[in-house]
Every structure is written in C-alpha cells, then in structure tokens.
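Below is one structure, written out as structure tokens; comments come after it.
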2 protein chains.
Amino acid sequence: MTTKISIDRKKEIIEGFYELAKENGLENTSIAKIGKHLGMPPSLIMHYFPTKEILISHLISFILERLLKIYTPIIKELRVQNYTDPHTFVDRMFSRDWNLLIDDGVFYSCFSLIFRNDRIKKEYRNLHLKLRENLKEILDQDEKLKLKNTALLSEQIFVVVEGAYYYLSMIDDEELYEEKVIIFKNQVYDLLKS
Amino acid sequence: MTTKISIDRKKEIIEGFYELAKENGLENTSIAKIGKHLGMPPSLIMHYFPTKEILISHLISFILERLLKIYTPIIKELRVQNYTDPHTFVDRMFSRDWNLLIDDGVFYSCFSLIFRNDRIKKEYRNLHLKLRENLKEILDQDEKLKLKNTALLSEQIFVVVEGAYYYLSMIDDEELYEEKVIIFKNQVYDLLKS
DNA sequence: AAATATATTGAACGATCATTCAATATTATA
DNA sequence: TATAATATTGAATGATCGTTCAATATATTT
C-alpha cells in the first residue's frame with residue numbers, strides 16, 4: 001500500500017524537477033539541484049525514485065498527462081452541448097494556453113529521448129494517438145462532416161498543428177508569429193472545408 | 001591565418017562528436033569520450049574549441065549544413081532542366097535519404113537547445129527560412145503554379161513535412177509508417193492542386 | 001639554421017554527478 | 001504501548017565532468 005505521504009512527496013519532487021528543467025534545461029537539472037530547490041537531501045529523492053532514469057520517466061508521464069488535459073475540457077463541453085464548432089477547437093489548439101500548460105523546451109528535450117528509449121517513445125506515441133482520437137470524436141459530432149473520413153481528417157489536422165508548433169517555436173518576432181499562426185489556422189480550416 | 005591542420009582537426013572532432021552523439025545521445029557525449037574515440041587527449045579538443053558551448057555550436061552548424069545539402073542537388077537539377085515536377089521534390093522530402101543524412105535523435109536534441117540559446121535558435125530559424133525559399137524557387141519554375149502564391153504554398157508544404165517527420169519518428173511499425181507517409185504525401189499534393 | 005608559431009601531450013584541478021548506506025525520526029499497526 | 005514500517009537525514013562513495021597548464025614535439029617563417 002502506497003502511503004499518502006509517499007504520493008505527495010513524489011508529486012512534489014516531479015513538479016520541482018519540472019520547474020528546474022523549465023528554468024535551466026533538462027540536461028542541467030541534477031538530483032542534487034532538485035533536492036536543494038525543495039529543501040531535501042538527494043537521498044530522499046532516490047528513496048522515491050531509485051534511479052534518475054525512473055525519475056525522468058515520471059517527469060515525462062507528468063508532462064504528457066498535462067498536455068492531454070488541454071483537451072478534456074473541450075470534450076466535456078462537447079458532451080453537454082452535443083455539438084461543438086471545430087473552429088473553436090482549432091482556435092484552442094493554436095492558443096497560448098498550450099504554451100502556458102507545458103514548457104516547449106522541456107517538452108522537446110523529453111521528446112528527443114524517444115530515439116534511444118523505447119518506453120519513452122511508446123509513451124509519446126500513445127499520447128499522440130489519444131490526441132487524434134479525441135479530435136476525431138469532436139469532428140464526428142459535426143453535421144457538416146458527416147460524410148467525411150474523420151480519422152484521416154484528424155491525422156491531417158494534427159500534422160499541421162504539430163508542424164506549426166515546431167516551426168513557430170523558432171520565431172521571436174511577435175508580429176511575424178501572429179502572421180504565421182493565421183496562415184496555419186487557415187490551412188486547417190481548408191482541410192475542414194474541402 | 002588558419003592552417004590546414006587546424007581545419008582538418010576541427011572537422012575530425014566535430015564529426016567524431018556527431019558519431020558519438022548519434023550512438024549515445026548528445027547529453028551523454030563528453031569531451032573526454034570524444035577524445036578517447038578519436039585517440040587524442042581532451043586538451044587537444046579544447047585547444048580547437050575553447051568551451052563545450054562552442055563545440056556544440058559547431059556541431060549544430062555541421063548538422064544544419066548537412067541538412068541543407070539534401071536540397072542543393074535538386075536545385076541544380078532544376079537549373080539544368082529548367083523545369084522540375086514538384087512531385088519529385090515532395091517524394092524526395094519524404095524519402096529515407098533524409099534520415100540517412102542526419103540522425104533524428106541528434107537533430108531534435110540540438111533543436112531542443114533553441115529554447116535557452118538565442119544563437120542556436122537563430123541558426124535553426126535561418127535554416128528553415130532557407131528551406132522555404134528553396135522550395136519557393138522550385139515551385140516558381142512550375143507553369144501550373146504560375147498564378148499561385150508560391151511563398152505561402154512553400155510555407156504550407158513545409159509545415160506538413162515537418163509535422164509529418166515529428167509524428168513519424170514515433171512510429172515503429174513499418175507498415176503503419178508507410179501508410180502514414182502516403183497520407184501526408186497526398187496532403188501535400190492536395191496543396192499543390194487546390 | 002635560428003626563431004617563432006602552432007600542434008600535441010599528459011597530468012592535474014575542483015566541481016558536480018548519480019548513488020549508497022547507516023543512523024535517526026516519524027508514523028502506522030499490533 | 002510495543003513493534004514494525006516508512007520517512008528523513010547527512011555524510012561518503014567513486015566516476016566523470018569541463019577546463020587549465022606547463023612541457024614537448026612539429027611545422028612555418030625569418
């Protein structure tokens with residue numbers, strides 16, 4: 001039986017890890033630093049997470065769960081209204097809430113680990129499959145899309161969204177950024193129209 | 001005046017760095033390991049690259065230059081023929097040559113550094129702008145696209161390509177992988193048609 | 001050939017890394 | 001309340017990190 005203290009401490013450690021990784025980068029965040037940040041000895045961290053690999057693995061689960069959360073309120077909304085304009089969904093996907101929810105630097109640092117860790121790769125894959133399934137559900141509610149292959153559509157939409165996020169993360173100029181966002185939003189709308 | 005030896009050594013070191021990063025991950029590749037791999041003391045590496053930050057910066061330049069090289073043969077081909085079917089270009093972009101040219105793990109590891117290093121971010125941004133300009137040039141040669149906004153089209157195509165590469169890197173199943181590639185290729189063809 | 005510049009070596013630095021362990025404090029169970 | 005389980009501490013481990021430096025070898029210039 002896992003105690004309440006154990007659960008709380010684990011959560012505390014992972015969140016502290018995330019905060020430091022966000023501030024200094026994943027590769028610059030050590031167990032000693034996390035301990036200092038949280039006011040506990042490194043040995044306590046290792047009591048709950050026996051190796052750093054396990055610790056990182058939990059950080060990734062934490063991030064991916066958070067990311068999934070941006071969708072659940074929309075899904076709920078959808079269930080209540082029995083209809084949701086897909087444009088609302090698209091707007092939400094390109095909104096800044098997303099960035100607020102999870103730091104891009106940490107996200108991509110963790111992502112880059114998929115290439116040498118199959119468990120992490122699988123976890124990332126599962127998230128992306130879930131995201132696509134969720135979008136499909138939403139599209140299926142739309143009368144106008146009744147004859148469409150919504151699974152395919154969902155796939156096509158996400159490839160634009162993910163490509164856009166990747167590309168936009170390199171752009172500093174605010175004006176240019178907004179300009180590009182409009183382009184990619186329209187690209188998604190075109191997919192919904194065609 | 002930079003000597004020939006100096007140039008060769010620098011290249012040797014960067015390539016050794018790349019090889020080890022490909023094998024063990026960027027974050028697990030130290031100067032000592034590079035030295036061991038190349039049979040030279042770490043102090044020699046630091047003679048040519050005074051800090052590790054500078055070394056990483058050169059690795060990134062190396063990678064991005066390599067990536068750009070996948071386009072130049074097509075551009076040349078285009079100049080000779082005075083016409084190139086954009087489909088050839090699209091096929092090339094989704095081909096495995098790309099992966100052969102540069103390791104995805106190293107590429108994304110380096111990419112994740114843009115979020116805390118403005119010089120690296122700028123370098124990545126410049127590459128992506130160049131890629132788009134190159135594609136625009138190619139599209140401009142196509143008679144059928146004469147009335148099109150080729151700059152916009154290039155942007156839209158690349159967002160699909162980059163989103164696809166991101167997503168496909170999570171997929172292990174060969175059959176599923178090929179299935180998805182077809183979807184994304186068609187998505188690009190649709191952009192060229194519309 | 002002498003003088004100068006560059007290339008290369010190998011040992012050493014303190015800092016930090018993930019991890020271990022035995023001791024103590026706290027909490028839960030009997 | 002006694003016993004057992006868990007939580008927490010702090011010191012210590014060897015390994016590895018990036019970096020420095022003085023010495024030597026090799027190449028280039030005068």
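Identifiers in the structure tokens: chain A, B, ... in order shown; residue index from 1 per chain; ligand index from 1 in order shown.
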Given a cut-off of 12 Å, which residues of chain C touch chain A, counting only C-alpha atoms (C1' of nucleotides), written out as an MDAnalysis selection string? chainID C and resid 16:21 26:28
Writer output for current selection, N, CA and C atoms (P, O5', C5', C4', C3', O3' and C1' of nucleotides), as a short mmCIF file (atom, residue, chain, number, x, y, z; two decimals), in the first residue's frame:
```cif
data_model
loop_
_atom_site.label_atom_id
_atom_site.label_comp_id
_atom_site.auth_asym_id
_atom_site.auth_seq_id
_atom_site.Cartn_x
_atom_site.Cartn_y
_atom_site.Cartn_z
P DT C 16 29.67 23.20 -8.26
"O5'" DT C 16 29.07 21.85 -8.86
"C5'" DT C 16 29.12 21.62 -10.25
"C4'" DT C 16 28.87 20.16 -10.52
"C3'" DT C 16 27.61 19.61 -9.83
"O3'" DT C 16 26.66 19.28 -10.82
"C1'" DT C 16 29.44 18.09 -9.74
P DC C 17 25.22 18.78 -10.46
"O5'" DC C 17 25.31 17.22 -10.81
"C5'" DC C 17 25.79 16.83 -12.09
"C4'" DC C 17 26.09 15.35 -12.11
"C3'" DC C 17 25.10 14.50 -11.36
"O3'" DC C 17 24.01 14.20 -12.21
"C1'" DC C 17 27.35 13.81 -10.91
P DA C 18 22.63 13.82 -11.55
"O5'" DA C 18 22.79 12.27 -11.25
"C5'" DA C 18 23.14 11.39 -12.30
"C4'" DA C 18 23.50 10.04 -11.73
"C3'" DA C 18 22.36 9.32 -10.99
"O3'" DA C 18 22.41 7.94 -11.31
"C1'" DA C 18 24.20 9.65 -9.52
P DT C 19 21.34 6.93 -10.71
"O5'" DT C 19 22.04 6.41 -9.38
"C5'" DT C 19 23.37 5.91 -9.44
"C4'" DT C 19 23.89 5.62 -8.06
"C3'" DT C 19 22.92 4.88 -7.11
"O3'" DT C 19 23.45 3.58 -6.87
"C1'" DT C 19 24.15 6.57 -6.00
P DT C 20 22.72 2.53 -5.91
"O5'" DT C 20 23.50 2.70 -4.54
"C5'" DT C 20 24.91 2.57 -4.53
"C4'" DT C 20 25.42 2.64 -3.10
"C3'" DT C 20 24.59 1.83 -2.08
"O3'" DT C 20 25.48 0.98 -1.39
"C1'" DT C 20 24.89 4.07 -1.33
P DC C 21 25.03 -0.17 -0.41
"O5'" DC C 21 25.12 0.52 1.02
"C5'" DC C 21 26.19 1.42 1.29
"C4'" DC C 21 26.03 2.01 2.68
"C3'" DC C 21 25.10 1.21 3.59
"O3'" DC C 21 25.73 1.06 4.85
"C1'" DC C 21 24.41 3.48 3.49
P DT C 26 10.74 13.88 14.79
"O5'" DT C 26 9.61 13.06 14.04
"C5'" DT C 26 9.52 13.15 12.63
"C4'" DT C 26 8.66 12.03 12.11
"C3'" DT C 26 7.23 11.97 12.70
"O3'" DT C 26 6.33 12.27 11.66
"C1'" DT C 26 8.20 9.82 12.44
P DT C 27 4.80 12.57 12.04
"O5'" DT C 27 4.12 11.20 11.59
"C5'" DT C 27 4.36 10.69 10.28
"C4'" DT C 27 3.96 9.23 10.22
"C3'" DT C 27 2.52 8.95 10.68
"O3'" DT C 27 1.81 8.43 9.57
"C1'" DT C 27 4.06 7.34 11.52
P DA C 28 0.28 8.03 9.72
"O5'" DA C 28 0.41 6.45 9.87
"C5'" DA C 28 1.00 5.71 8.82
"C4'" DA C 28 0.98 4.22 9.15
"C3'" DA C 28 -0.39 3.66 9.51
"O3'" DA C 28 -0.53 2.42 8.83
"C1'" DA C 28 1.14 3.23 11.28
#
```
Please report as a tab-separated table every residue of chain D lying within 12 Å of chain B, along with the nearest atom pair and their distance in Å (one decimal), using only C-alpha atoms (C1' of nucleotides).
```
residue	atom	partner	partner_atom	distance
D:DT16	C1'	B:Ala32	CA	9.0
D:DC17	C1'	B:Ser30	CA	7.6
D:DG18	C1'	B:Lys52	CA	7.4
D:DT19	C1'	B:Thr51	CA	8.1
D:DT20	C1'	B:Ser43	CA	8.9
D:DC21	C1'	B:Ser43	CA	10.0
D:DT26	C1'	B:Ile5	CA	11.6
D:DA27	C1'	B:Ile5	CA	10.1
D:DT28	C1'	B:Thr3	CA	10.2
```
Filtering to N, CA and C atoms (P, O5', C5', C4', C3', O3' and C1' of nucleotides), could you give me those residues as a CSV table (one decimal), in the first residue's frame?
```
chain,number,residue,atom,x,y,z
D,16,DT,P,33.6,6.4,-15.3
D,16,DT,O5',33.2,8.0,-15.7
D,16,DT,C5',31.9,8.4,-15.5
D,16,DT,C4',31.9,9.9,-15.5
D,16,DT,C3',32.7,10.5,-16.7
D,16,DT,O3',31.7,11.2,-17.5
D,16,DT,C1',33.0,11.7,-14.6
D,17,DC,P,32.2,11.9,-18.9
D,17,DC,O5',32.1,13.4,-18.5
D,17,DC,C5',30.9,13.9,-17.9
D,17,DC,C4',31.1,15.3,-17.4
D,17,DC,C3',32.0,16.2,-18.2
D,17,DC,O3',31.2,16.8,-19.2
D,17,DC,C1',32.5,16.4,-15.9
D,18,DG,P,31.9,17.3,-20.5
D,18,DG,O5',32.5,18.7,-20.1
D,18,DG,C5',31.6,19.7,-19.5
D,18,DG,C4',32.4,20.8,-19.0
D,18,DG,C3',33.3,21.6,-20.0
D,18,DG,O3',33.2,23.0,-19.7
D,18,DG,C1',34.7,20.7,-18.3
D,19,DT,P,34.0,24.0,-20.7
D,19,DT,O5',35.4,24.1,-19.9
D,19,DT,C5',35.5,24.4,-18.5
D,19,DT,C4',36.9,24.4,-18.0
D,19,DT,C3',37.9,25.1,-18.9
D,19,DT,O3',38.4,26.2,-18.2
D,19,DT,C1',38.8,23.1,-18.0
D,20,DT,P,39.5,27.2,-18.8
D,20,DT,O5',40.8,26.7,-18.1
D,20,DT,C5',40.9,26.6,-16.7
D,20,DT,C4',42.2,26.2,-16.3
D,20,DT,C3',43.4,26.9,-17.0
D,20,DT,O3',44.3,27.4,-16.0
D,20,DT,C1',43.7,24.6,-17.1
D,21,DC,P,45.4,28.5,-16.3
D,21,DC,O5',46.7,27.6,-16.4
D,21,DC,C5',46.8,26.5,-15.5
D,21,DC,C4',48.1,25.7,-15.8
D,21,DC,C3',49.1,26.5,-16.6
D,21,DC,O3',50.4,26.3,-16.0
D,21,DC,C1',48.6,24.4,-17.6
D,26,DT,P,57.9,14.8,-33.3
D,26,DT,O5',57.3,15.9,-34.3
D,26,DT,C5',55.9,16.1,-34.3
D,26,DT,C4',55.6,17.4,-35.0
D,26,DT,C3',56.2,17.6,-36.4
D,26,DT,O3',55.2,17.8,-37.3
D,26,DT,C1',56.3,19.6,-35.1
D,27,DA,P,55.6,17.7,-38.9
D,27,DA,O5',55.2,19.1,-39.5
D,27,DA,C5',54.1,19.8,-38.8
D,27,DA,C4',54.2,21.3,-39.0
D,27,DA,C3',54.6,21.8,-40.4
D,27,DA,O3',53.6,22.7,-40.9
D,27,DA,C1',55.8,22.9,-38.6
D,28,DT,P,53.7,23.3,-42.4
D,28,DT,O5',54.2,24.8,-42.0
D,28,DT,C5',53.5,25.6,-41.0
D,28,DT,C4',54.1,26.9,-40.8
D,28,DT,C3',54.6,27.6,-42.1
D,28,DT,O3',54.0,28.9,-42.1
D,28,DT,C1',56.4,27.6,-40.5
```
Report as a tab-separated table the residues of chain A within 9 Å of chain B, each with its shortest atom pair and distance in Å (one decimal), using only C-alpha atoms, ordered by chain and increasing residue number.
```
residue	atom	partner	partner_atom	distance
A:Glu23	CA	B:Arg116	CA	8.8
A:Asn24	CA	B:Arg116	CA	8.0
A:Gly25	CA	B:Arg116	CA	7.5
A:Glu27	CA	B:Glu27	CA	6.6
A:Asp104	CA	B:Phe115	CA	7.5
A:Gly105	CA	B:Phe115	CA	5.3
A:Val106	CA	B:Ser112	CA	7.9
A:Phe107	CA	B:Ser112	CA	8.4
A:Tyr108	CA	B:Ser112	CA	5.4
A:Ser109	CA	B:Ser112	CA	5.2
A:Cys110	CA	B:Ser112	CA	8.8
A:Phe111	CA	B:Tyr108	CA	7.9
A:Ser112	CA	B:Ser109	CA	5.2
A:Leu113	CA	B:Gly105	CA	7.4
A:Ile114	CA	B:Met170	CA	7.4
A:Phe115	CA	B:Gly105	CA	5.3
A:Arg116	CA	B:Gly25	CA	7.5
A:Lys121	CA	B:Met170	CA	5.9
A:Lys122	CA	B:Met170	CA	7.3
A:Tyr124	CA	B:Met170	CA	7.1
A:Arg125	CA	B:Met170	CA	5.5
A:His128	CA	B:Tyr167	CA	8.0
A:Leu152	CA	B:Ile183	CA	8.0
A:Glu155	CA	B:Ile183	CA	8.6
A:Gln156	CA	B:Gln187	CA	7.2
A:Phe158	CA	B:Gly163	CA	7.8
A:Val159	CA	B:Gly163	CA	4.6
A:Val160	CA	B:Val160	CA	5.3
A:Val161	CA	B:Gly163	CA	7.3
A:Glu162	CA	B:Gly163	CA	5.0
A:Gly163	CA	B:Gly163	CA	3.5
A:Ala164	CA	B:Val159	CA	5.7
A:Tyr165	CA	B:Gly163	CA	8.5
A:Tyr166	CA	B:Gly163	CA	7.5
A:Tyr167	CA	B:Val159	CA	7.3
A:Ser169	CA	B:Phe115	CA	8.0
A:Met170	CA	B:Arg125	CA	5.5
A:Ile171	CA	B:Arg125	CA	7.1
A:Lys180	CA	B:Glu155	CA	8.9
A:Ile183	CA	B:Gln156	CA	7.9
A:Phe184	CA	B:Gln156	CA	7.2
A:Gln187	CA	B:Gln156	CA	7.2
```
Among range 9-120 of chain A, which residues carry a DSSP assignment of helix (DSSP H, G or I), reported as JSON, numbers by chain? {"A": [9, 10, 11, 12, 13, 14, 15, 16, 17, 18, 19, 20, 21, 22, 23, 24, 26, 27, 28, 31, 32, 33, 34, 35, 36, 37, 38, 42, 43, 44, 45, 46, 47, 48, 52, 53, 54, 55, 56, 57, 58, 59, 60, 61, 62, 63, 64, 65, 66, 67, 68, 69, 72, 73, 74, 75, 76, 77, 78, 79, 80, 81, 86, 87, 88, 89, 90, 91, 92, 93, 94, 97, 98, 99, 100, 101, 104, 105, 106, 107, 108, 109, 110, 111, 112, 113, 114, 115, 116, 118, 119, 120]}
Could you write out that same residue set with C-alpha atoms as a PDB file, in the first residue's frame?
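The new file part10.pdb reads:
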```
ATOM      1  CA  ARG A   9       6.324  13.630  -1.955  1.00  0.00           C
ATOM      2  CA  LYS A  10       6.576  12.018  -5.365  1.00  0.00           C
ATOM      3  CA  LYS A  11       4.352  14.667  -6.849  1.00  0.00           C
ATOM      4  CA  GLU A  12       6.356  17.390  -5.131  1.00  0.00           C
ATOM      5  CA  ILE A  13       9.621  16.023  -6.489  1.00  0.00           C
ATOM      6  CA  ILE A  14       8.377  15.675 -10.055  1.00  0.00           C
ATOM      7  CA  GLU A  15       6.949  19.192 -10.036  1.00  0.00           C
ATOM      8  CA  GLY A  16      10.200  20.560  -8.637  1.00  0.00           C
ATOM      9  CA  PHE A  17      12.056  18.682 -11.335  1.00  0.00           C
ATOM     10  CA  TYR A  18       9.806  20.195 -13.981  1.00  0.00           C
ATOM     11  CA  GLU A  19      10.273  23.728 -12.624  1.00  0.00           C
ATOM     12  CA  LEU A  20      14.053  23.451 -12.673  1.00  0.00           C
ATOM     13  CA  ALA A  21      14.099  21.823 -16.093  1.00  0.00           C
ATOM     14  CA  LYS A  22      11.946  24.659 -17.363  1.00  0.00           C
ATOM     15  CA  GLU A  23      14.329  27.213 -15.889  1.00  0.00           C
ATOM     16  CA  ASN A  24      17.727  25.659 -16.604  1.00  0.00           C
ATOM     17  CA  LEU A  26      16.579  19.216 -18.614  1.00  0.00           C
ATOM     18  CA  GLU A  27      20.253  18.333 -19.112  1.00  0.00           C
ATOM     19  CA  ASN A  28      21.314  20.851 -16.459  1.00  0.00           C
ATOM     20  CA  ILE A  31      19.107  15.301  -8.395  1.00  0.00           C
ATOM     21  CA  ALA A  32      21.211  17.421  -6.039  1.00  0.00           C
ATOM     22  CA  LYS A  33      19.741  20.597  -7.532  1.00  0.00           C
ATOM     23  CA  ILE A  34      16.201  19.315  -7.215  1.00  0.00           C
ATOM     24  CA  GLY A  35      16.912  18.474  -3.591  1.00  0.00           C
ATOM     25  CA  LYS A  36      18.283  21.932  -2.907  1.00  0.00           C
ATOM     26  CA  HIS A  37      15.310  23.510  -4.657  1.00  0.00           C
ATOM     27  CA  LEU A  38      12.871  21.570  -2.493  1.00  0.00           C
ATOM     28  CA  PRO A  42      19.199  13.966  -2.639  1.00  0.00           C
ATOM     29  CA  SER A  43      18.966  10.657  -0.832  1.00  0.00           C
ATOM     30  CA  LEU A  44      15.295  11.295  -0.150  1.00  0.00           C
ATOM     31  CA  ILE A  45      14.649  11.777  -3.841  1.00  0.00           C
ATOM     32  CA  MET A  46      16.378   8.493  -4.543  1.00  0.00           C
ATOM     33  CA  HIS A  47      14.270   6.846  -1.890  1.00  0.00           C
ATOM     34  CA  TYR A  48      11.198   7.543  -4.003  1.00  0.00           C
ATOM     35  CA  LYS A  52      17.458   9.027 -12.466  1.00  0.00           C
ATOM     36  CA  GLU A  53      16.056   7.177 -15.435  1.00  0.00           C
ATOM     37  CA  ILE A  54      12.942   6.372 -13.427  1.00  0.00           C
ATOM     38  CA  LEU A  55      12.735   9.984 -12.311  1.00  0.00           C
ATOM     39  CA  ILE A  56      12.870  11.238 -15.904  1.00  0.00           C
ATOM     40  CA  SER A  57      10.330   8.656 -16.920  1.00  0.00           C
ATOM     41  CA  HIS A  58       7.930  10.048 -14.312  1.00  0.00           C
ATOM     42  CA  LEU A  59       8.601  13.604 -15.440  1.00  0.00           C
ATOM     43  CA  ILE A  60       7.579  12.601 -18.938  1.00  0.00           C
ATOM     44  CA  SER A  61       4.371  10.978 -17.726  1.00  0.00           C
ATOM     45  CA  PHE A  62       3.661  14.161 -15.806  1.00  0.00           C
ATOM     46  CA  ILE A  63       4.153  16.311 -18.913  1.00  0.00           C
ATOM     47  CA  LEU A  64       2.116  14.120 -21.216  1.00  0.00           C
ATOM     48  CA  GLU A  65      -0.760  13.913 -18.751  1.00  0.00           C
ATOM     49  CA  ARG A  66      -0.767  17.687 -18.518  1.00  0.00           C
ATOM     50  CA  LEU A  67      -0.819  18.022 -22.259  1.00  0.00           C
ATOM     51  CA  LEU A  68      -3.767  15.709 -22.551  1.00  0.00           C
ATOM     52  CA  LYS A  69      -5.635  17.885 -20.082  1.00  0.00           C
ATOM     53  CA  THR A  72     -10.616  17.180 -21.764  1.00  0.00           C
ATOM     54  CA  PRO A  73     -12.484  20.427 -21.030  1.00  0.00           C
ATOM     55  CA  ILE A  74     -13.372  20.661 -24.701  1.00  0.00           C
ATOM     56  CA  ILE A  75     -14.540  17.085 -24.792  1.00  0.00           C
ATOM     57  CA  LYS A  76     -16.727  17.708 -21.760  1.00  0.00           C
ATOM     58  CA  GLU A  77     -18.127  20.858 -23.327  1.00  0.00           C
ATOM     59  CA  LEU A  78     -18.878  18.810 -26.385  1.00  0.00           C
ATOM     60  CA  ARG A  79     -20.817  16.202 -24.417  1.00  0.00           C
ATOM     61  CA  VAL A  80     -23.008  18.849 -22.844  1.00  0.00           C
ATOM     62  CA  GLN A  81     -23.768  20.799 -25.991  1.00  0.00           C
ATOM     63  CA  PRO A  86     -14.450  22.543 -34.842  1.00  0.00           C
ATOM     64  CA  HIS A  87     -13.191  26.084 -35.292  1.00  0.00           C
ATOM     65  CA  THR A  88     -13.341  26.528 -31.545  1.00  0.00           C
ATOM     66  CA  PHE A  89     -11.173  23.501 -31.275  1.00  0.00           C
ATOM     67  CA  VAL A  90      -8.681  24.773 -33.825  1.00  0.00           C
ATOM     68  CA  ASP A  91      -8.520  28.155 -32.133  1.00  0.00           C
ATOM     69  CA  ARG A  92      -7.860  26.467 -28.845  1.00  0.00           C
ATOM     70  CA  MET A  93      -5.075  24.387 -30.305  1.00  0.00           C
ATOM     71  CA  PHE A  94      -3.263  27.444 -31.585  1.00  0.00           C
ATOM     72  CA  ASP A  97      -2.918  28.273 -23.201  1.00  0.00           C
ATOM     73  CA  TRP A  98      -0.999  25.414 -24.651  1.00  0.00           C
ATOM     74  CA  ASN A  99       2.348  27.065 -24.037  1.00  0.00           C
ATOM     75  CA  LEU A 100       1.242  28.054 -20.567  1.00  0.00           C
ATOM     76  CA  LEU A 101       0.403  24.479 -19.768  1.00  0.00           C
ATOM     77  CA  ASP A 104       8.228  23.815 -25.009  1.00  0.00           C
ATOM     78  CA  GLY A 105      11.876  23.476 -24.031  1.00  0.00           C
ATOM     79  CA  VAL A 106      11.145  20.694 -21.573  1.00  0.00           C
ATOM     80  CA  PHE A 107       8.708  19.077 -23.941  1.00  0.00           C
ATOM     81  CA  TYR A 108      11.146  18.854 -26.854  1.00  0.00           C
ATOM     82  CA  SER A 109      14.054  17.853 -24.595  1.00  0.00           C
ATOM     83  CA  CYS A 110      12.000  14.935 -23.358  1.00  0.00           C
ATOM     84  CA  PHE A 111      10.825  14.210 -26.874  1.00  0.00           C
ATOM     85  CA  SER A 112      14.401  13.865 -28.091  1.00  0.00           C
ATOM     86  CA  LEU A 113      14.791  10.936 -25.697  1.00  0.00           C
ATOM     87  CA  ILE A 114      12.388   8.775 -27.714  1.00  0.00           C
ATOM     88  CA  PHE A 115      15.191   7.949 -30.125  1.00  0.00           C
ATOM     89  CA  ARG A 116      17.129   5.936 -27.556  1.00  0.00           C
ATOM     90  CA  ASP A 118      11.580   2.667 -26.412  1.00  0.00           C
ATOM     91  CA  ARG A 119       9.408   3.103 -23.358  1.00  0.00           C
ATOM     92  CA  ILE A 120       9.504   6.864 -23.714  1.00  0.00           C
TER      93      ILE A 120
END
```
